[in-house]
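Please read the structure below before turning to the comments.
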Amino acid sequence: MPTELQHGPQSGAAIAVRDLHVAYGGTRVLHGVSLDFTPGSFTALLGSSGCGKTTLLRSLSGFVPVESGSIIVGGKDVASLPPEKRGMAMVFQSYALWPHMTVLQNIGYGLKLRGATKAEIAAKVAAMLEFLGLAGYENRKVTALSGGQRQRVALGRALAIDPGILLLDEPLSNLDAKIRMTMRHEIRAIQQRLGLTAVHVTHDREEAMTMADRLVIMQAGRIAQVGTPEEVYDRPATAFVANFMGAENVLPLRVERSEQGARLSAGEATASLANGVSSALPSGEAVAYFRDDVARLDASDATSTGDLIVPGLIAARAYPGGVYRYRVEAAGRQITVDDANRHELGTKIGLRIPLQRLHIFPASEAGTIAA
Amino acid sequence: MLSQRQLALILIAPGLLLVAALFLYPLGFSLISAFTKPDGSLTLDWFAKAYELYSTDIVFTVVIVLASCGLTALAAIVIAGTLTLGENPWIVGTLKALYRWPLFIPFIVAAQCMRTFLAKNGLMNNTFVSLGLMEPLSAVSYLDWRGIIATFVWKQTPFVALLLAGALASIDRATLEAGRNLGASRVRVLVELALPQVMPTLLVALVLSFVTMLSVLSVPMMVAGSQPTMLTVDMAFRINSYGDYATANALGVITYLISAGAAILYLKRGLSKEAAP
């Protein structure tokens with residue numbers, strides 16, 4: 001993709017969201033969200049369906065009326081302004097191109113609204129198309145373009161007005177897998193080159209992690225955790241975040257604290273943690289979350305060496321490529337484990353779980369995951 | 001044993017017979033009668049007579065119907081646009097509840113209502129006078145071409161607005177939001193982004209309204225005076241007063257050609273759009 005764009009360098013705008021409450025017909029969707037977006041940052045709003053991530057984006061863009069709270073852009077509260085007065089450009093999931101217009105007319109519309117002359121529009125659109133790798137497409141009908149090309153045109157239409165803020169509402173969901181990968185990198189590269197403040201809504205964890213430099217995990221209209229992809233992935237703040245970020249294996253534990261450290265037990269299996277590591281652990285009934293690649297299959301009588309060895313039985317095996325994926329019945333739970341070696345079904349094994357890689361939360365908190 | 005084909009023919013025969021007896025036969029008969037003398041020879045005399053007597057009314061009819069279509073389109077766009085892009089729930093709700101009512105009121109009742117509303121001392125002028133907006137002496141009657149147009153627009157707007165609002169509701173809402181997001185006002189979004197996407201529906205609704213207005217007898221008869229008037233009134237007059245079916249049929253053929261003209265304009269537009277790359 002050519003890197004030259006004829007207009008000058010842009011800089012993103014800062015957004016400060018304060019105590020935002022939004023309701024649809026009496027149902028509260030956002031319960032007091034506060035969030036800062038620094039200029040030039042790429043933030044992904046991530047969460048399951050109905051968590052309020054799209055509502056937050058649409059209240060930023062002005063399509064959802066705000067009940068209370070403020071959205072401050074450039075020192076000014078825009079929460080009560082109509083969408084056309086906010087100066088944020090949005091890219092939609094359905095592309096939302098105007099089928100009765102050509103590529104030139106679609107991309108040039110925002111410029112036309114700003115009173116640009118025909119020559120200015122043509123020059124800027126040509127530069128934008130060059131930038132997006134669609135040079136010479138001016139007079140094509142948008143209905144004759146492929147999905148990836150349409151999304152590029154939609155992106156060009158949003159970027160043509162030199163916005164400080166780019167809002168992305170699941171822009172890659174309608175694309176097929178291969179083009180989606182390419183577009184992830186393209187959008188990220190464009191955002192960095194132009195220094196835009198980008199807010200991206202997605203339910204795709206990998207997409208959020210690869211594109212954004214900050215993740216906002218939302219749960220039932222509230223922010224569950226804000227952090228870099230590494231922070232959210234490795235140090236989830238709540239059981240919900242751990243589970244949402246892929247730690248789907250659940251193991252009930254009992255934590256007993258002593259002066260030396262903590263003793264963790266799952267049924268018969270026990271292991272100890274030294275004081276320094278265990279200080280953050282809850283005491284009493286707890287639940288541990290861990291990913292498929294954390295545990296290993298070992299002999300049922302293997303020595304602990306600090307890990308938790310939970311006896312189990314291999315119930316199912318699949319080969320997704322590279323490693324075998326097993327379903328193991330252990331401690332009364334079904335646990336998914338990736339292992340390089342092939343084992344037969346029905347084999348009694350010891351599930352070796354390194355304690356450091358468990359995300360442990362009090363049992364009382366684990367019940368909130370379904371919300 | 002009957003074949004599928006014969007069975008199908010038997011099944012549709014009653015309907016076909018009804019259409020033939022009640023529609024095709026009278027239509028064919030009228031067409032022939034418009035072009036033949038009593039002795040059976042072909043002639044254009046009836047058309048010459050129709051033109052000589054009613055050329056003003058032909059122009060009057062076309063102008064009235066075109067003006068009504070234009071105003072209907074405007075009113076329907078305002079209503080459907082408000083229903084689609086309106087943000088005040090009270091206005092949208094009230095409009096939604098009210099705008100369809102005229103659909104259920106027959107033309108003749110609408111015409112009667114307009115008589116009491118638009119007359120010199122009718123409801124409208126009386127209201128203006130009582131509000132002090134008008135001197136009683138300067139009140140004029142609107143029961144002429146303006147009354148016909150008002151009635152047609154009042155009666156046809158809900159129909160066009162209904163189809164238009166349906167079409168507007170079915171377009172991708174994100175295309176409208178994209179416009180506002182880039183800085184377009186709601187009026188611009190309606191005119192530049194929404195309407196072009198539903199133009200075919202608007203045209204169909206207007207062509208149907210055009211043909212409907214062309215065939216209404218009660219409104220011009222009740223609302224307006226006798227001269228000039230619409231072709232339906234002239235046809236009724238030729239038949240009722242003179243038993244002159246031939247000239248009435250010639251006027252019928254002219255009416256048919258006018259409505260065919262509207263249909264051709266619509267089809268042509270549709271075809272040129274499909275042919276475009």
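Ligands are numbered from 1 in the order shown, chains are lettered A, B, ... in the order of the structure tokens, and residues start at 1 in each chain.
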If you run DSSP over the backbone, which residues in segment 14-153 of chain A end up helix (DSSP H, G or I)? Put them as number ranges by chain.
A: 53-61, 83-85, 103-113, 118-131, 142-144, 147-153
Mind dumping the selected residues with C-alpha atoms as a compact mmCIF listing (two decimals), in the first residue's frame?
# COMPACT_ATOMS: atom_id res chain seq x y z
CA LYS A 53 -19.81 -2.13 24.03
CA THR A 54 -21.75 -1.11 20.92
CA THR A 55 -23.96 1.18 23.00
CA LEU A 56 -20.85 2.91 24.37
CA LEU A 57 -19.52 3.45 20.83
CA ARG A 58 -22.90 4.67 19.60
CA SER A 59 -23.20 7.10 22.49
CA LEU A 60 -19.75 8.45 21.59
CA SER A 61 -20.93 8.95 17.99
CA PRO A 83 -24.11 13.17 15.55
CA GLU A 84 -23.34 15.62 12.73
CA LYS A 85 -21.76 18.10 15.13
CA VAL A 103 -16.85 5.39 -5.12
CA LEU A 104 -15.90 9.04 -5.78
CA GLN A 105 -19.25 10.31 -4.53
CA ASN A 106 -19.17 8.08 -1.46
CA ILE A 107 -15.69 9.12 -0.34
CA GLY A 108 -16.22 12.73 -1.39
CA TYR A 109 -19.55 13.22 0.40
CA GLY A 110 -18.06 14.42 3.67
CA LEU A 111 -15.89 16.89 1.75
CA LYS A 112 -18.91 18.10 -0.23
CA LEU A 113 -20.69 18.77 3.07
CA LYS A 118 -15.25 19.54 -7.20
CA ALA A 119 -11.56 19.74 -8.04
CA GLU A 120 -10.56 19.56 -4.37
CA ILE A 121 -12.83 16.58 -3.83
CA ALA A 122 -11.46 14.77 -6.91
CA ALA A 123 -7.85 15.36 -5.82
CA LYS A 124 -8.43 14.25 -2.25
CA VAL A 125 -10.44 11.18 -3.25
CA ALA A 126 -7.75 10.18 -5.76
CA ALA A 127 -5.09 10.46 -3.03
CA MET A 128 -7.27 8.50 -0.61
CA LEU A 129 -7.87 5.73 -3.16
CA GLU A 130 -4.15 5.58 -3.86
CA PHE A 131 -3.56 5.36 -0.10
CA VAL A 142 -19.95 0.56 -4.90
CA THR A 143 -22.36 -2.32 -5.50
CA ALA A 144 -19.82 -3.77 -7.97
CA GLY A 147 -16.46 -6.99 0.55
CA GLY A 148 -12.86 -6.02 1.25
CA GLN A 149 -12.94 -3.23 -1.33
CA ARG A 150 -16.22 -1.93 0.08
CA GLN A 151 -14.78 -1.81 3.58
CA ARG A 152 -11.74 0.08 2.23
CA VAL A 153 -14.06 2.60 0.57
Quick one: which chain A residues come within 9 Å of chain B, and what is the nearest atom pair for each with the distance in Å to one decimal, counting only C-alpha atoms, rows ordered by chain and ascending number, as CSV?
residue,atom,partner,partner_atom,distance
A:Ser61,CA,B:Asn181,CA,7.2
A:Gly62,CA,B:Asn181,CA,8.3
A:Phe63,CA,B:Glu177,CA,7.6
A:Pro82,CA,B:Arg180,CA,8.5
A:Pro83,CA,B:Asn181,CA,5.4
A:Glu84,CA,B:Gly183,CA,3.9
A:Lys85,CA,B:Gly183,CA,6.3
A:Arg86,CA,B:Asn181,CA,7.8
A:Gly87,CA,B:Leu182,CA,7.2
A:Met88,CA,B:Asn181,CA,6.8
A:Ala89,CA,B:Asn181,CA,6.2
A:Met90,CA,B:Asn181,CA,6.7
A:Val91,CA,B:Ala178,CA,7.9
A:Phe92,CA,B:Ala174,CA,6.9
A:Gln93,CA,B:Ala174,CA,8.6
A:Ser94,CA,B:Ala174,CA,7.3
A:Tyr95,CA,B:Ala174,CA,8.0
A:Ala96,CA,B:Thr175,CA,4.3
A:Leu97,CA,B:Thr175,CA,6.1
A:Trp98,CA,B:Thr175,CA,6.2
A:Pro99,CA,B:Gln197,CA,7.3
A:His100,CA,B:Gln197,CA,6.5
A:Tyr109,CA,B:Leu182,CA,8.0
A:Gly110,CA,B:Leu182,CA,5.3
A:Leu111,CA,B:Leu182,CA,8.8
A:Leu113,CA,B:Ala184,CA,6.6
A:Arg114,CA,B:Gly183,CA,8.2
A:Lys141,CA,B:Pro277,CA,8.3
A:Arg157,CA,B:Leu182,CA,8.6
A:Ala158,CA,B:Leu182,CA,7.4
A:Ile161,CA,B:Leu182,CA,7.7
Please indicate the distance in Å from atom CA of Gly52 of chain A to atom CA of His31 of chain A, rounded to one decimal place.
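These atoms are spaced 9.4 Å apart.
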May I have the residues within 12 Å of segment 224-229 of chain A as a ChimeraX atom specification, using only C-alpha atoms and disregarding those fewer than 6 positions away in the same chain?
/A:31,33-37,41-48,51-53,205-218,235-245,368-369,371
Can you pull out every residue within 7 Å of Val66 of chain A, counting only C-alpha atoms, but drop anything in the same chain fewer than 5 positions away, and send it as a list in words?
His21, Val22, Ser59 and Ala79 of chain A
Point-to-point distance in Å for atom CA of Ala260 of chain B and atom CA of Thr43 of chain B:
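These atoms are spaced 22.3 Å apart.
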Please report as CSV every residue of segment 106-221 of chain B lying within 9 Å of segment 225-243 of chain B, along with the nearest atom pair and their distance in Å (one decimal), using only C-alpha atoms.
residue,atom,partner,partner_atom,distance
B:Leu143,CA,B:Gly225,CA,7.4
B:Asp144,CA,B:Gly225,CA,6.2
B:Trp145,CA,B:Thr229,CA,8.2
B:Leu214,CA,B:Thr232,CA,7.7
B:Ser215,CA,B:Thr232,CA,6.4
B:Val216,CA,B:Thr232,CA,6.7
B:Leu217,CA,B:Thr232,CA,5.2
B:Ser218,CA,B:Val233,CA,8.3
B:Pro220,CA,B:Met230,CA,6.4
B:Met221,CA,B:Val233,CA,6.3
What lies within 12 Å of Gly166 of chain B using only C-alpha atoms, ignoring chain neighbours under 3 positions off, as a ChimeraX atom specification?
/B:76-77,79-81,83-84,158-163,169-171,198,201-202,205
For C-alpha atoms, I'd like the residues from the last selection saved as a PDB file, in the first residue's frame.
ATOM      1  CA  ALA B  76     -45.564  12.167   1.613  1.00  0.00           C
ATOM      2  CA  ILE B  77     -41.808  12.806   1.704  1.00  0.00           C
ATOM      3  CA  ILE B  79     -44.404  12.615   6.533  1.00  0.00           C
ATOM      4  CA  ALA B  80     -42.336   9.516   5.691  1.00  0.00           C
ATOM      5  CA  GLY B  81     -39.124  11.444   6.369  1.00  0.00           C
ATOM      6  CA  LEU B  83     -41.461   9.013  10.601  1.00  0.00           C
ATOM      7  CA  THR B  84     -38.037   7.655   9.609  1.00  0.00           C
ATOM      8  CA  PRO B 158     -51.326   8.650   3.168  1.00  0.00           C
ATOM      9  CA  PHE B 159     -51.099   6.013   0.435  1.00  0.00           C
ATOM     10  CA  VAL B 160     -47.824   7.371  -0.954  1.00  0.00           C
ATOM     11  CA  ALA B 161     -46.473   8.044   2.543  1.00  0.00           C
ATOM     12  CA  LEU B 162     -47.355   4.496   3.627  1.00  0.00           C
ATOM     13  CA  LEU B 163     -45.377   2.915   0.774  1.00  0.00           C
ATOM     14  CA  ALA B 169     -37.748   1.622   7.022  1.00  0.00           C
ATOM     15  CA  SER B 170     -36.261  -1.234   5.006  1.00  0.00           C
ATOM     16  CA  ILE B 171     -33.077   0.507   3.848  1.00  0.00           C
ATOM     17  CA  VAL B 198     -36.305   4.506  -2.403  1.00  0.00           C
ATOM     18  CA  THR B 201     -41.059   2.939  -4.654  1.00  0.00           C
ATOM     19  CA  LEU B 202     -41.944   6.638  -4.708  1.00  0.00           C
ATOM     20  CA  ALA B 205     -46.780   5.060  -5.618  1.00  0.00           C
TER      21      ALA B 205
END
If you count only C-alpha atoms, which residues fall within 12 Å of Ser30 of chain B, apart from same-chain ones fewer than 6 positions away, as an mmCIF file with N, CA and C atoms, in the first residue's frame?
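So out-v2.cif came out as:
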data_model
loop_
_atom_site.group_PDB
_atom_site.id
_atom_site.type_symbol
_atom_site.label_atom_id
_atom_site.label_comp_id
_atom_site.auth_asym_id
_atom_site.auth_seq_id
_atom_site.Cartn_x
_atom_site.Cartn_y
_atom_site.Cartn_z
ATOM 1 N N PHE B 23 -65.000 -7.184 -17.734
ATOM 2 C CA PHE B 23 -63.950 -6.203 -17.975
ATOM 3 C C PHE B 23 -63.536 -6.156 -19.451
ATOM 4 N N LEU B 24 -63.106 -7.311 -19.977
ATOM 5 C CA LEU B 24 -62.575 -7.300 -21.348
ATOM 6 C C LEU B 24 -63.651 -6.934 -22.372
ATOM 7 N N THR B 36 -65.800 3.828 -34.173
ATOM 8 C CA THR B 36 -66.725 3.449 -35.262
ATOM 9 C C THR B 36 -67.963 4.331 -35.281
ATOM 10 N N ASP B 244 -74.629 10.018 -25.319
ATOM 11 C CA ASP B 244 -73.587 10.048 -26.352
ATOM 12 C C ASP B 244 -72.413 9.159 -25.921
ATOM 13 N N TYR B 245 -72.614 7.847 -26.080
ATOM 14 C CA TYR B 245 -71.574 6.914 -25.634
ATOM 15 C C TYR B 245 -70.295 7.050 -26.450
ATOM 16 N N ALA B 246 -70.429 7.356 -27.738
ATOM 17 C CA ALA B 246 -69.259 7.388 -28.620
ATOM 18 C C ALA B 246 -68.254 8.446 -28.160
ATOM 19 N N THR B 247 -68.722 9.678 -27.904
ATOM 20 C CA THR B 247 -67.805 10.737 -27.469
ATOM 21 C C THR B 247 -67.247 10.425 -26.085
ATOM 22 N N ALA B 248 -68.127 9.888 -25.205
ATOM 23 C CA ALA B 248 -67.661 9.506 -23.862
ATOM 24 C C ALA B 248 -66.553 8.469 -23.975
ATOM 25 N N ASN B 249 -66.732 7.518 -24.893
ATOM 26 C CA ASN B 249 -65.704 6.496 -25.076
ATOM 27 C C ASN B 249 -64.415 7.091 -25.636
ATOM 28 N N ALA B 250 -64.547 8.059 -26.539
ATOM 29 C CA ALA B 250 -63.354 8.729 -27.066
ATOM 30 C C ALA B 250 -62.599 9.421 -25.930
ATOM 31 N N LEU B 251 -63.348 10.081 -25.026
ATOM 32 C CA LEU B 251 -62.716 10.715 -23.858
ATOM 33 C C LEU B 251 -62.056 9.661 -22.970
ATOM 34 N N GLY B 252 -62.711 8.492 -22.873
ATOM 35 C CA GLY B 252 -62.140 7.386 -22.098
ATOM 36 C C GLY B 252 -60.806 6.947 -22.675
ATOM 37 N N VAL B 253 -60.747 6.843 -24.028
ATOM 38 C CA VAL B 253 -59.493 6.441 -24.671
ATOM 39 C C VAL B 253 -58.406 7.485 -24.388
ATOM 40 N N TYR B 256 -57.190 7.022 -21.005
ATOM 41 C CA TYR B 256 -56.341 5.832 -20.963
ATOM 42 C C TYR B 256 -54.936 6.162 -21.477
#
